[in-house]
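Shown below: model.csv, with CSV, C-alpha atoms.
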```
chain,number,residue,atom,x,y,z
A,12,MET,CA,140.4,97.9,130.0
A,13,THR,CA,136.8,99.3,130.2
A,14,ILE,CA,137.1,100.7,126.7
A,15,ILE,CA,138.3,97.4,125.3
A,16,ILE,CA,135.4,95.5,126.9
A,17,ILE,CA,132.9,98.1,125.5
A,18,LEU,CA,134.4,97.9,122.0
A,19,ILE,CA,134.2,94.1,122.0
A,20,VAL,CA,130.7,93.9,123.4
A,21,LEU,CA,129.4,96.5,120.9
A,22,GLY,CA,131.1,94.6,118.1
A,23,ILE,CA,129.5,91.3,119.1
A,24,LEU,CA,126.1,93.0,119.5
A,25,LEU,CA,126.5,94.4,115.9
A,26,PHE,CA,127.4,90.9,114.7
A,27,VAL,CA,124.2,89.5,116.2
A,28,ILE,CA,122.2,92.3,114.6
A,29,GLU,CA,123.9,91.4,111.3
A,30,PHE,CA,123.2,87.7,111.5
A,31,LEU,CA,119.6,87.9,112.7
A,32,LEU,CA,118.0,91.2,111.8
A,33,VAL,CA,119.8,92.6,108.8
A,34,PRO,CA,121.1,89.6,106.7
A,35,GLY,CA,123.8,90.3,104.2
A,36,VAL,CA,127.0,92.4,104.3
A,37,THR,CA,125.8,95.7,105.9
A,38,ILE,CA,127.2,98.4,108.0
A,39,ALA,CA,126.2,96.4,111.1
A,40,GLY,CA,128.5,93.5,110.2
A,41,ILE,CA,131.3,95.7,109.0
A,42,GLY,CA,131.0,97.9,112.1
A,43,GLY,CA,130.9,94.8,114.4
A,44,LEU,CA,134.1,93.4,112.7
A,45,ILE,CA,135.9,96.7,113.0
A,46,LEU,CA,134.9,97.3,116.7
A,47,THR,CA,135.8,93.7,117.7
A,48,VAL,CA,139.1,93.7,115.9
A,49,PHE,CA,140.0,97.1,117.3
A,50,GLY,CA,139.1,96.0,120.8
A,51,VAL,CA,141.4,93.0,120.6
A,52,TYR,CA,144.1,95.1,118.9
A,53,LYS,CA,143.9,97.6,121.8
A,54,ALA,CA,144.3,94.8,124.3
A,55,PHE,CA,147.5,93.6,122.6
A,56,GLU,CA,148.8,97.2,122.3
A,57,GLU,CA,148.1,98.3,125.9
A,58,TYR,CA,148.5,95.1,127.9
A,59,GLY,CA,150.9,93.0,125.9
A,60,SER,CA,150.6,89.6,124.2
A,61,THR,CA,149.6,87.5,127.2
A,62,VAL,CA,146.6,89.6,128.0
A,63,GLY,CA,145.9,90.1,124.3
A,64,VAL,CA,145.7,86.4,123.7
A,65,TRP,CA,143.3,85.9,126.7
A,66,VAL,CA,141.2,88.8,125.4
A,67,LEU,CA,141.1,87.2,121.9
A,68,ILE,CA,140.2,83.8,123.3
A,69,GLY,CA,137.5,85.4,125.5
A,70,THR,CA,136.1,87.3,122.5
A,71,ILE,CA,135.9,84.2,120.4
A,72,LEU,CA,134.2,82.2,123.2
A,73,LEU,CA,131.8,85.1,124.0
A,74,SER,CA,130.9,85.5,120.3
A,75,VAL,CA,130.1,81.8,119.9
A,76,PHE,CA,128.1,81.8,123.1
A,77,VAL,CA,126.1,84.9,122.2
A,78,ILE,CA,125.3,83.7,118.7
A,79,ALA,CA,124.3,80.2,119.9
A,80,MET,CA,122.0,81.7,122.5
A,81,SER,CA,120.4,84.1,120.0
A,82,LEU,CA,119.8,81.2,117.5
A,83,ARG,CA,118.0,79.1,120.1
A,84,ALA,CA,114.3,78.6,119.5
A,85,ARG,CA,113.2,79.8,122.9
A,86,THR,CA,114.9,83.2,122.4
A,87,TRP,CA,112.9,83.9,119.3
A,88,ASN,CA,109.6,82.6,120.7
A,89,ARG,CA,109.4,85.9,122.7
A,90,LEU,CA,109.7,87.9,119.5
A,91,MET,CA,107.8,85.7,117.1
A,92,LEU,CA,104.4,86.6,115.8
A,93,LYS,CA,101.9,84.1,117.1
A,94,THR,CA,98.9,84.9,115.0
A,95,ASN,CA,97.2,82.2,113.0
A,96,ILE,CA,95.9,83.2,109.6
A,97,LYS,CA,92.5,81.6,108.8
A,98,GLY,CA,91.5,81.6,105.3
A,99,THR,CA,90.1,79.3,102.6
A,100,VAL,CA,90.7,78.7,99.0
A,101,ASP,CA,87.8,78.7,96.5
A,102,LYS,CA,86.4,75.3,96.0
A,103,ALA,CA,85.2,73.9,92.7
A,104,ILE,CA,81.9,75.4,91.6
A,105,THR,CA,79.0,73.0,91.5
A,106,GLU,CA,76.5,72.8,88.7
A,107,GLU,CA,73.8,74.2,91.1
A,108,GLN,CA,75.9,77.2,91.9
A,109,MET,CA,76.9,78.4,88.4
A,110,LYS,CA,76.5,76.9,84.9
A,111,ILE,CA,77.0,77.9,81.4
A,112,GLY,CA,74.5,80.5,80.4
A,113,ASP,CA,73.9,82.0,83.8
A,114,ARG,CA,73.9,85.7,83.9
A,115,GLY,CA,75.3,88.2,86.4
A,116,VAL,CA,77.1,91.5,86.7
A,117,ALA,CA,80.8,92.4,86.7
A,118,LEU,CA,81.6,93.9,90.2
A,119,THR,CA,85.0,95.1,89.1
A,120,ARG,CA,86.5,95.8,85.7
A,121,LEU,CA,87.5,92.5,84.0
A,122,ALA,CA,90.9,93.4,82.4
A,123,PRO,CA,90.8,90.4,81.6
A,124,MET,CA,90.4,89.1,85.2
A,125,GLY,CA,88.0,90.6,87.8
A,126,LYS,CA,85.2,89.9,90.3
A,127,ILE,CA,81.7,88.9,89.1
A,128,LEU,CA,78.4,88.4,90.9
A,129,VAL,CA,76.3,85.5,89.6
A,130,ASN,CA,73.5,83.7,91.6
A,131,ASP,CA,74.4,85.7,94.7
A,132,LEU,CA,78.0,84.3,94.6
A,133,VAL,CA,81.1,86.5,94.2
A,134,ARG,CA,83.8,84.8,92.2
A,135,GLU,CA,86.8,85.8,90.1
A,136,ALA,CA,86.3,85.4,86.4
A,137,LYS,CA,88.1,85.9,83.1
A,138,SER,CA,86.7,87.8,80.1
A,139,VAL,CA,86.9,86.0,76.8
A,140,GLU,CA,86.1,89.1,74.8
A,141,GLY,CA,88.6,91.7,76.0
A,142,PHE,CA,88.0,94.2,78.8
A,143,VAL,CA,84.6,94.4,80.5
A,144,ASP,CA,83.7,97.5,82.5
A,145,GLU,CA,82.3,97.2,86.0
A,146,HIS,CA,78.5,97.0,86.4
A,147,THR,CA,78.2,95.4,82.9
A,148,ASP,CA,75.9,92.5,82.5
A,149,ILE,CA,77.9,89.3,81.8
A,150,GLU,CA,77.1,85.7,80.8
A,151,ILE,CA,79.1,82.6,81.8
A,152,VAL,CA,80.7,80.9,78.8
A,153,SER,CA,82.6,78.1,80.6
A,154,VAL,CA,83.2,76.7,84.2
A,155,GLU,CA,86.2,74.4,84.8
A,156,GLY,CA,86.8,73.9,88.5
A,157,ILE,CA,87.3,77.4,89.9
A,158,ARG,CA,88.0,78.9,86.5
A,159,ILE,CA,85.1,80.9,85.1
A,160,SER,CA,85.1,82.5,81.7
A,161,VAL,CA,82.5,85.1,80.9
A,162,LYS,CA,81.5,87.5,78.1
A,163,PRO,CA,79.5,90.7,78.2
A,164,VAL,CA,75.8,90.4,77.4
A,165,LYS,CA,74.9,92.3,74.2
A,166,ASN,CA,71.9,94.6,75.0
A,167,MET,CA,69.6,94.9,72.1
```
Could you render the structure as structure tokens?
Amino acid sequence: MTIIIILIVLGILLFVIEFLLVPGVTIAGIGGLILTVFGVYKAFEEYGSTVGVWVLIGTILLSVFVIAMSLRARTWNRLMLKTNIKGTVDKAITEEQMKIGDRGVALTRLAPMGKILVNDLVREAKSVEGFVDEHTDIEIVSVEGIRISVKPVKNM
């Protein structure tokens, strides 16, 4: 009877792993099904139909109980990542910060998007004239909200 109990418990454990950790049809789910069915089959084979039916009912009840307990919120609170991510989204650029004609430098290669430094502000910008290498002087062509378009400054 010990082998039957071990087979069924391992099968249920593999089902829980399948449902919660490795979603989809994987070896854990297939293995859980095989172990559980084989455990119930062995109970029918070794102890007859009366004990086999009780083992089957117990297996179903135990499976439902274990899955219900593992889906409860308090169970997963212990395993959950409880870190808050603090970040901001770029706000619209004001006229005082950047305006058409302001000059700066490309901090990264604009291919066509990249980082620029204008008026001591680092922003993401788009090149209107193809690729711009880093450390190239740039000039702002348009500012629409957070969208900045730039072109390289032609050195004479």
> For Ser138 (chain A), which residue among A:Ala122, A:Val66, A:Ala54, A:Val154 is the nearest when counting only C-alpha atoms?
Replying inline: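 Comparing A:Ala122, A:Val66, A:Ala54, A:Val154 against Ser138 (chain A), the winner is A:Ala122.
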> Between CA of Leu32 (chain A) and CA of Gly98 (chain A), what is the distance, to one decimal in Å?
Replying inline: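 For CA of Leu32 (chain A) relative to CA of Gly98 (chain A), the distance reads 28.9 Å.
Rounded to one decimal, CA of Leu24 (chain A) and CA of Thr94 (chain A) lie 28.7 Å from each other.
CA of Leu21 (chain A) lies 19.5 Å from CA of Glu56 (chain A).
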>> At a cut-off of 12 Å, using all atoms listed in the file, what residues contact region 140-145 of chain A? Leave out same-chain residues fewer than 5 positions from it and give the result as a list in words.
In response: Gly115, Val116, Ala117, Leu118, Thr119, Arg120, Leu121, Ala122, Pro123, Met124, Gly125, Lys126, Ile127, Leu128, Glu150, Ile151, Val152, Ser160, Val161, Lys162, Pro163, Val164 and Lys165 of chain A
> Once you count only C-alpha atoms, which residues end up no further than 6 Å from (138.5, 100.5, 120.2) in the file's frame, shown as a ChimeraX atom specification?
Replying inline: /A:15,18,46,49-50
> With only C-alpha atoms as the atoms that count, which of A:Glu106, A:Thr99, A:Thr13, A:Phe26 lies nearest to Ile45 (chain A)?
Replying inline: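 Once distances to Ile45 (chain A) are computed over only C-alpha atoms, the minimum belongs to A:Phe26.
Distances here use all atoms listed in the file; by that measure, the residue among A:Arg134, A:Lys93, A:Lys102, A:Arg114 closest to Gly156 (chain A) is A:Lys102.
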> Using all atoms listed in the file, which of A:Val20, A:Leu31, A:Leu73, A:Met12 sits nearest Phe55 (chain A)?
Replying inline: A:Met12
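A search radius of 6 Å centred on (89.7, 82.9, 83.8), applied to all atoms listed in the file, returns the residues A:Ala136, A:Lys137, A:Arg158, A:Ile159, A:Ser160.
Closest approach to Ile78 (chain A) among A:Val139, A:Leu25, A:Ile14, A:Ile157: A:Leu25, based on only C-alpha atoms.
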>> Considering all atoms listed in the file, can you say which of A:Val75, A:Ala103, A:Ile96, A:Met109 comes closest to Ile23 (chain A)?
In response: A:Val75
Export of region 140-155 of chain A: N, CA, C and O atoms, as an mmCIF file, in the first residue's frame:
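Output saved as result.cif:
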```cif
data_model
loop_
_atom_site.group_PDB
_atom_site.id
_atom_site.type_symbol
_atom_site.label_atom_id
_atom_site.label_comp_id
_atom_site.auth_asym_id
_atom_site.auth_seq_id
_atom_site.Cartn_x
_atom_site.Cartn_y
_atom_site.Cartn_z
ATOM 1 N N GLU A 140 17.455 63.006 -41.036
ATOM 2 C CA GLU A 140 18.353 62.874 -42.184
ATOM 3 C C GLU A 140 19.219 61.628 -42.076
ATOM 4 O O GLU A 140 20.435 61.705 -42.120
ATOM 5 N N GLY A 141 18.604 60.479 -41.935
ATOM 6 C CA GLY A 141 19.357 59.228 -41.886
ATOM 7 C C GLY A 141 20.050 59.015 -40.556
ATOM 8 O O GLY A 141 19.624 59.503 -39.523
ATOM 9 N N PHE A 142 21.148 58.285 -40.594
ATOM 10 C CA PHE A 142 21.879 57.959 -39.383
ATOM 11 C C PHE A 142 22.791 59.099 -38.974
ATOM 12 O O PHE A 142 23.375 59.775 -39.806
ATOM 13 N N VAL A 143 22.925 59.276 -37.652
ATOM 14 C CA VAL A 143 23.824 60.287 -37.095
ATOM 15 C C VAL A 143 24.727 59.581 -36.098
ATOM 16 O O VAL A 143 24.234 58.907 -35.182
ATOM 17 N N ASP A 144 26.030 59.705 -36.278
ATOM 18 C CA ASP A 144 26.982 59.054 -35.373
ATOM 19 C C ASP A 144 26.985 59.750 -34.020
ATOM 20 O O ASP A 144 26.643 60.935 -33.908
ATOM 21 N N GLU A 145 27.422 58.997 -32.998
ATOM 22 C CA GLU A 145 27.500 59.600 -31.671
ATOM 23 C C GLU A 145 28.556 60.696 -31.655
ATOM 24 O O GLU A 145 29.464 60.718 -32.486
ATOM 25 N N HIS A 146 28.408 61.618 -30.719
ATOM 26 C CA HIS A 146 29.284 62.782 -30.544
ATOM 27 C C HIS A 146 29.202 63.757 -31.719
ATOM 28 O O HIS A 146 30.076 64.600 -31.891
ATOM 29 N N THR A 147 28.157 63.633 -32.531
ATOM 30 C CA THR A 147 27.952 64.561 -33.638
ATOM 31 C C THR A 147 27.072 65.706 -33.153
ATOM 32 O O THR A 147 26.100 65.489 -32.425
ATOM 33 N N ASP A 148 27.402 66.916 -33.549
ATOM 34 C CA ASP A 148 26.565 68.061 -33.200
ATOM 35 C C ASP A 148 25.238 67.951 -33.939
ATOM 36 O O ASP A 148 25.197 67.639 -35.137
ATOM 37 N N ILE A 149 24.141 68.233 -33.208
ATOM 38 C CA ILE A 149 22.808 68.134 -33.799
ATOM 39 C C ILE A 149 22.033 69.412 -33.523
ATOM 40 O O ILE A 149 22.378 70.190 -32.636
ATOM 41 N N GLU A 150 20.967 69.601 -34.298
ATOM 42 C CA GLU A 150 20.077 70.750 -34.124
ATOM 43 C C GLU A 150 18.641 70.231 -34.102
ATOM 44 O O GLU A 150 18.270 69.367 -34.901
ATOM 45 N N ILE A 151 17.821 70.778 -33.220
ATOM 46 C CA ILE A 151 16.427 70.358 -33.109
ATOM 47 C C ILE A 151 15.631 70.946 -34.268
ATOM 48 O O ILE A 151 15.683 72.149 -34.538
ATOM 49 N N VAL A 152 14.880 70.070 -34.944
ATOM 50 C CA VAL A 152 14.061 70.467 -36.080
ATOM 51 C C VAL A 152 12.605 70.637 -35.648
ATOM 52 O O VAL A 152 11.915 71.565 -36.090
ATOM 53 N N SER A 153 12.121 69.734 -34.771
ATOM 54 C CA SER A 153 10.741 69.855 -34.285
ATOM 55 C C SER A 153 10.622 69.211 -32.906
ATOM 56 O O SER A 153 11.358 68.283 -32.572
ATOM 57 N N VAL A 154 9.685 69.741 -32.123
ATOM 58 C CA VAL A 154 9.371 69.200 -30.797
ATOM 59 C C VAL A 154 7.854 69.093 -30.716
ATOM 60 O O VAL A 154 7.148 70.094 -30.811
ATOM 61 N N GLU A 155 7.350 67.873 -30.563
ATOM 62 C CA GLU A 155 5.906 67.625 -30.441
ATOM 63 C C GLU A 155 5.689 66.723 -29.240
ATOM 64 O O GLU A 155 5.855 65.514 -29.337
#
```
